[in-house]
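Engineer: Next up, query-v1.txt (compact mmCIF, C-alpha atoms).
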# COMPACT_ATOMS: atom_id res chain seq x y z
CA SER A 1 -8.57 26.99 -53.21
CA HIS A 2 -10.20 25.99 -56.48
CA VAL A 3 -8.01 24.06 -58.92
CA PRO A 4 -8.81 24.56 -62.62
CA ASP A 5 -9.73 21.43 -64.58
CA GLY A 6 -6.79 19.58 -66.06
CA GLU A 7 -4.28 20.97 -63.56
CA SER A 8 -2.88 19.13 -60.58
CA ILE A 9 -1.46 20.33 -57.33
CA GLU A 10 2.09 19.29 -56.50
CA VAL A 11 2.14 18.11 -52.88
CA HIS A 12 5.38 17.95 -50.94
CA PRO A 13 6.17 14.34 -49.87
CA ARG A 14 6.46 15.41 -46.22
CA ALA A 15 3.22 17.41 -46.20
CA PRO A 16 0.85 16.35 -43.41
CA ARG A 17 -2.08 14.19 -44.43
CA LEU A 18 -5.65 15.35 -44.14
CA GLY A 19 -7.77 14.19 -41.24
CA GLY A 20 -6.54 11.30 -39.14
CA ILE A 21 -5.34 9.16 -42.02
CA SER A 22 -1.71 9.36 -40.90
CA SER A 23 -2.46 7.53 -37.64
CA LYS A 24 -4.45 4.91 -39.56
CA MET A 25 -1.52 4.38 -41.93
CA GLU A 26 0.76 3.95 -38.89
CA ASP A 27 -1.64 1.30 -37.60
CA TYR A 28 -1.61 -0.38 -41.01
CA ALA A 29 2.20 -0.45 -41.04
CA ARG A 30 2.20 -1.74 -37.46
CA PHE A 31 -0.20 -4.56 -38.33
CA LYS A 32 1.62 -5.56 -41.52
CA THR A 33 5.09 -5.53 -39.91
CA LEU A 34 3.89 -7.52 -36.88
CA HIS A 35 2.08 -10.07 -39.03
CA HIS A 36 5.14 -10.47 -41.24
CA PHE A 37 7.47 -10.86 -38.23
CA LEU A 38 5.23 -13.47 -36.62
CA SER A 39 4.86 -15.46 -39.85
CA GLU A 40 8.33 -15.02 -41.41
CA GLY A 41 10.54 -14.12 -38.44
CA LYS A 42 11.92 -10.96 -40.05
CA LEU A 43 11.08 -7.31 -40.51
CA LEU A 44 9.03 -6.13 -43.46
CA PRO A 45 10.98 -3.49 -45.46
CA PRO A 46 9.43 -0.10 -46.28
CA ASN A 47 9.48 -0.88 -50.00
CA ALA A 48 7.42 -4.06 -49.60
CA PRO A 49 4.59 -4.44 -52.14
CA CYS A 50 1.92 -4.07 -49.44
CA PHE A 51 3.20 -0.51 -48.82
CA GLN A 52 3.16 0.48 -52.48
CA LEU A 53 0.58 1.43 -55.05
CA THR A 54 1.32 0.55 -58.66
CA ASN A 55 0.30 3.06 -61.29
CA VAL A 56 0.02 1.97 -64.90
CA SER A 57 0.49 4.68 -67.45
CA ASN A 58 0.44 4.73 -71.22
CA ASP A 59 3.50 6.68 -72.34
CA GLY A 60 3.07 6.12 -76.06
CA GLU A 61 0.51 7.40 -78.49
CA ASN A 62 -1.98 4.87 -79.76
CA ASP A 63 -1.38 4.92 -83.50
CA GLY A 64 -3.48 1.86 -84.18
CA ASP A 65 -0.76 -0.76 -84.46
CA ASN A 66 -0.66 -1.67 -80.71
CA ASN A 67 2.91 -0.47 -80.20
CA GLU A 68 1.96 1.32 -77.02
CA SER A 69 4.57 1.98 -74.37
CA ILE A 70 3.21 1.04 -70.96
CA SER A 71 5.15 1.87 -67.82
CA LEU A 72 4.62 0.85 -64.23
CA ARG A 73 5.42 3.31 -61.48
CA ARG A 74 5.30 2.45 -57.80
CA ASN A 75 4.38 5.03 -55.21
CA ASN A 76 4.68 4.46 -51.51
CA VAL A 77 1.32 4.40 -49.79
CA ILE A 78 2.86 5.25 -46.43
CA THR A 79 5.38 7.93 -45.57
CA ASP A 80 8.72 7.22 -43.93
CA GLU A 81 7.41 8.61 -40.64
CA GLU A 82 4.34 6.37 -40.76
CA TYR A 83 6.53 3.33 -41.47
CA LEU A 84 8.87 4.15 -38.56
CA ALA A 85 5.92 4.70 -36.23
CA GLY A 86 4.48 1.36 -37.36
CA VAL A 87 7.77 -0.45 -36.71
CA ILE A 88 8.04 1.17 -33.29
CA GLY A 89 4.45 0.06 -32.58
CA MET A 90 5.41 -3.46 -33.67
CA CYS A 91 8.18 -3.42 -31.05
CA HIS A 92 5.58 -2.62 -28.39
CA ASP A 93 3.36 -5.43 -29.65
CA LEU A 94 6.29 -7.88 -29.55
CA GLY A 95 6.89 -6.93 -25.92
CA LYS A 96 3.25 -7.55 -25.00
CA TYR A 97 3.08 -10.76 -27.03
CA GLY A 98 6.32 -11.96 -25.45
CA VAL A 99 4.85 -11.61 -21.96
CA THR A 100 1.78 -13.58 -23.05
CA ARG A 101 3.87 -16.33 -24.66
CA ALA A 102 6.11 -16.57 -21.59
CA SER A 103 3.21 -17.72 -19.46
CA ASP A 104 3.24 -20.99 -21.44
CA ALA A 105 7.03 -21.33 -21.79
CA MET A 106 7.35 -24.55 -19.78
CA ASP A 107 4.93 -26.38 -22.09
CA ASP A 108 5.95 -24.83 -25.43
CA GLU A 109 9.57 -25.27 -26.50
CA THR A 110 9.20 -22.63 -29.25
CA THR A 111 8.57 -19.82 -26.76
CA VAL A 112 12.15 -19.12 -25.69
CA PRO A 113 13.59 -19.12 -29.23
CA PHE A 114 10.78 -16.78 -30.29
CA LEU A 115 11.48 -14.45 -27.36
CA LYS A 116 15.18 -14.38 -28.25
CA ARG A 117 14.39 -13.54 -31.89
CA ALA A 118 11.95 -10.83 -30.79
CA ARG A 119 14.49 -9.38 -28.35
CA ASP A 120 17.20 -9.38 -31.04
CA ALA A 121 14.87 -7.73 -33.57
CA VAL A 122 13.81 -4.99 -31.14
CA SER A 123 17.45 -4.43 -30.20
CA LEU A 124 18.48 -4.07 -33.86
CA ILE A 125 15.57 -1.72 -34.54
CA LEU A 126 16.58 0.38 -31.54
CA GLU A 127 20.18 0.54 -32.82
CA GLU A 128 18.93 1.76 -36.21
CA LEU A 129 16.62 4.32 -34.62
CA LEU A 130 19.60 5.76 -32.73
CA GLN A 131 20.89 7.10 -36.05
CA PHE A 132 17.90 9.43 -36.47
CA ASP A 133 17.49 12.91 -35.01
CA PHE A 134 13.85 12.91 -33.96
CA ARG A 135 13.89 16.23 -32.09
CA ASN A 136 10.88 16.51 -29.75
CA GLY A 137 8.14 15.29 -32.07
CA PRO A 138 5.79 12.33 -31.78
CA LEU A 139 8.36 9.91 -33.19
CA ARG A 140 10.78 10.90 -30.41
CA ARG A 141 8.30 9.90 -27.71
CA LYS A 142 7.54 6.64 -29.50
CA TYR A 143 11.25 5.96 -29.91
CA ASP A 144 11.86 6.55 -26.20
CA SER A 145 9.19 4.01 -25.28
CA THR A 146 10.84 1.37 -27.52
CA LYS A 147 13.57 1.06 -24.90
CA TYR A 148 10.94 -0.20 -22.48
CA SER A 149 9.79 -2.86 -24.94
CA LEU A 150 13.35 -4.15 -25.16
CA LYS A 151 13.63 -4.11 -21.37
CA THR A 152 10.37 -6.07 -21.10
CA LEU A 153 11.63 -8.80 -23.43
CA GLU A 154 14.99 -8.98 -21.62
CA THR A 155 13.24 -9.19 -18.25
CA VAL A 156 10.96 -11.99 -19.45
CA LEU A 157 13.94 -13.95 -20.77
CA TYR A 158 15.79 -13.44 -17.48
CA GLU A 159 12.82 -14.60 -15.44
CA LEU A 160 12.45 -17.68 -17.63
CA SER A 161 16.13 -18.47 -17.16
CA VAL A 162 15.70 -18.29 -13.40
CA ALA A 163 12.63 -20.54 -13.63
CA GLY A 164 14.60 -23.06 -15.71
CA ALA A 165 12.84 -22.67 -19.05
CA VAL A 166 15.91 -21.21 -20.76
CA GLY A 167 18.47 -23.40 -19.06
CA GLY A 168 21.12 -22.50 -16.55
CA HIS A 169 19.24 -23.41 -13.36
CA GLU A 170 18.68 -27.09 -13.94
CA SER A 171 18.95 -27.83 -10.24
CA LEU A 172 15.79 -25.86 -9.50
CA VAL A 173 13.06 -28.38 -8.75
CA ILE A 174 9.54 -28.27 -7.40
CA ALA A 175 8.89 -30.45 -4.38
CA GLU A 176 5.47 -32.04 -4.65
CA ASN A 177 4.64 -32.94 -1.05
CA VAL A 178 5.27 -30.08 1.32
CA ASP A 179 3.79 -29.90 4.82
CA ASP A 180 1.67 -26.81 4.13
CA GLY A 181 0.17 -28.38 1.00
CA GLY A 182 1.64 -26.01 -1.63
CA PRO A 183 4.56 -26.61 -3.96
CA LEU A 184 7.93 -25.24 -2.90
CA LYS A 185 10.81 -24.24 -5.14
CA ARG A 186 14.15 -25.26 -3.69
CA MET A 187 17.66 -26.00 -4.82
CA LYS A 188 18.86 -29.59 -4.87
CA ILE A 189 22.14 -29.99 -3.10
CA ASN A 190 24.66 -32.17 -4.83
CA GLU A 191 26.03 -34.46 -2.11
CA ASP A 192 28.71 -36.00 -4.35
CA GLY A 193 31.17 -33.29 -3.67
How does this structure look as structure tokens?

Structural biologist:
Amino acid sequence: SHVPDGESIEVHPRAPRLGGISSKMEDYARFKTLHHFLSEGKLLPPNAPCFQLTNVSNDGENDGDNNESISLRRNNVITDEEYLAGVIGMCHDLGKYGVTRASDAMDDETTVPFLKRARDAVSLILEELLQFDFRNGPLRRKYDSTKYSLKTLETVLYELSVAGAVGGHESLVIAENVDDGGPLKRMKINEDG
């Protein structure tokens, strides 16, 4: 397993990484994609600069007159599998974050539009993931759980629509003075006809 000086080992792009670095790179992709979605409202592509390492190489010989040929080559820092696992993890985080944001939906008018964007993004990601054949590996299990993240966001949006935060049940009111002391949700009856 000794490599002579000056020689390099050619590693297959799909070769497993040493140690637990692959899971850390998945976490990195998950963090970066979630941060980008929360700040920009869109998904971070796999060829984004934060996922690449730029190598500078001198292709020309230095003959003293500074006519060197310098080239830049970008290498992905994360593998395709790590990127997909990170995006799937971002979908889970959007589901959890959506539930947290929904608790303040009546006071924050940006909550429902955010939840709709998150639901649409997770739905589109799920549609794209359907095109892959994951077999029975770790990505398959993560993919399967993405369906539950979509269901969570859809359920939250439905519950907010019933509560009146999304619209549609404008006649739902809270009566302030009820005999037992607590608020009561009831439908107003339109007596005009």

Engineer: Rank A:Arg117, A:Arg140, A:Lys32, A:Lys96 by their smallest atom-to-atom distance to Thr152 of chain A, using all atoms listed in the file, and report the top residue only.

Structural biologist: A:Lys96

Engineer: Would you compute the distance between atom CA of Cys50 of chain A and atom CA of Glu81 of chain A? Give it in Å to one decimal.

Structural biologist: 16.4 Å

Engineer: Report, in Å to a single decimal, how far apart atom CA of Ile21 of chain A and atom CA of Glu127 of chain A are.

Structural biologist: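 Value for the atom CA of Glu127 of chain A-atom CA of Ile21 of chain A distance: 28.5 Å.
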
Engineer: Just to confirm, what's the straight-line distance from atom CA of Leu150 of chain A to atom CA of Leu129 of chain A in Å (one decimal)?

Structural biologist: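 Rounded to one decimal, the two atoms are 13.1 Å apart.
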
Engineer: Hey, could you pull the box centre and edge lengths for segment 129-146 of chain A, axis-aligned, 5 Å padding per side, all listed atoms, to one decimal in Å, as JSON?

Structural biologist:
{"center_x": 13.3, "center_y": 8.9, "center_z": -30.9, "size_x": 25.1, "size_y": 25.1, "size_z": 21.2}

Engineer: Choose the residue, out of A:Phe114, A:Pro138, A:Lys151, A:Glu82, that has the smallest atom-to-atom separation from Thr100 of chain A; count only C-alpha atoms.

Structural biologist: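 Ranked by minimum distance to Thr100 of chain A, first place goes to A:Phe114.
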
Engineer: Taking into account only C-alpha atoms, which residue in the set A:Glu26, A:Asp104, A:Asp144, A:Glu40 is nearest to Leu84 of chain A?

Structural biologist: A:Glu26
